[in-house]
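What follows is a set of notes on a single structure, which appears directly below.
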Amino acid sequence: MNTAKSFVRNSSITGKSSFNKPLRGLNFNILTTFLLVLNVLFNNLSAANPKSFTTTNVTFTSSGISLSGTIFKPDHATAAVVIVHGSGQEKRMTEFATLLADNGIAVLTYDKRGVGESGGVYAGPEVGTNNVDAFNLNLLSSDVSSAVDILSKDLQNKVPIGLIGGSQAGWIIPLAAQKNKKVKFMTIFSGALITVKEQLRFQFYTNGDSNFWDTHTEDDARKHIMTDPDRYEFEDTDPNKTLAELSIPGLWIFGGKDIQVPVNLSIEHLNQLKPNKTNYEYKLYPALGHNTAFSDSKEPVEYAIAWIKNRKSSK
């Protein structure tokens, strides 16, 4: 969202293994000793060469400007995703891409337009411009669609390609999927299924109070979402209209303590879509907030990875 922190926080994922116990005595037969030595050597090699994927820097064009990114390609990819940015001035998300690639998911992550090595002009509150009007969300979705094309070309259509992102990406991803039929699935963390203006009313009302849900009711929040005056005027976006026209699988992951997205209202809208869109799913983590992707719990990301790896049947 327009004042949200970046989707990906600094994080490190390690998968080191070690053989710490010393060999005691000589009561091993030769085979057992040989296997133990091989185990030590294998673990040392794994620690020295932990990557099971290659990376390639790429450039591609969208709406007349050049965007720069990196493709992460696992040895045996089962699915692929383009990472879609949240609202901030975000460069390519290499740590998140590494985590996905380590789990057999090919990734294209790129610098947002106007950020890092990408051309164009960044829009956002940091530079005094509106990044949530319909024009900018559609422009960013065109960038995503172009990224899908370059990833598809690199992978030669061998695995299904989807989109993954959080927060503001919840509005951009459906627009990009509508533009590009190569998109076969959507994975969205903490994305609002309400209009942009409704989300802003909620966000202004919660005012960053981490204890908001301890002192306010759902009815109280909904009243303000529906009746508070808008602070800004711009062309609005309703994701439900786009989602009603899509036919690809979608997974939404929510945190019950979110103070930027009204989760219960978003789930209510999703449930209204589900009778005709049975391939739309959601997972709720009641104790988590807006940053479901990189909270203290690994469960949301692990759930999303498992779901993505099952998309091979939807190619």
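We name chains A, B, ... following the order of the structure tokens; residues begin at 1 in each chain, and ligands are numbered from 1 as shown.
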**Message:** Could you pull out the alpha helix (DSSP H) residues of segment 74-286 of chain A, going by DSSP on the backbone, and write them as an MDAnalysis selection string?
**Reply:** chainID A and resid 94:102 134:155 169:179 196:206 212:215 218:227 239:243 263:273
**Prompt:** A:Ala306, A:Leu284, A:Leu246, A:Ile150: which is nearest Val58 of chain A, counting only C-alpha atoms?
**Reply:**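 Going through A:Ala306, A:Leu284, A:Leu246, A:Ile150 one by one, the smallest distance to Val58 of chain A is for A:Ile150.
Shortest atom-to-atom contact with Val132 of chain A among A:Val261, A:Ile161, A:Ala169, A:Ala79: A:Ala169, counting only C-alpha atoms.
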**Item:** 12 Å contact set for Lys91 of chain A, only C-alpha atoms, chain neighbours under 2 positions out, as number ranges by chain
**Value:** A: 6-8, 67-70, 83-89, 93-96, 109-119, 122
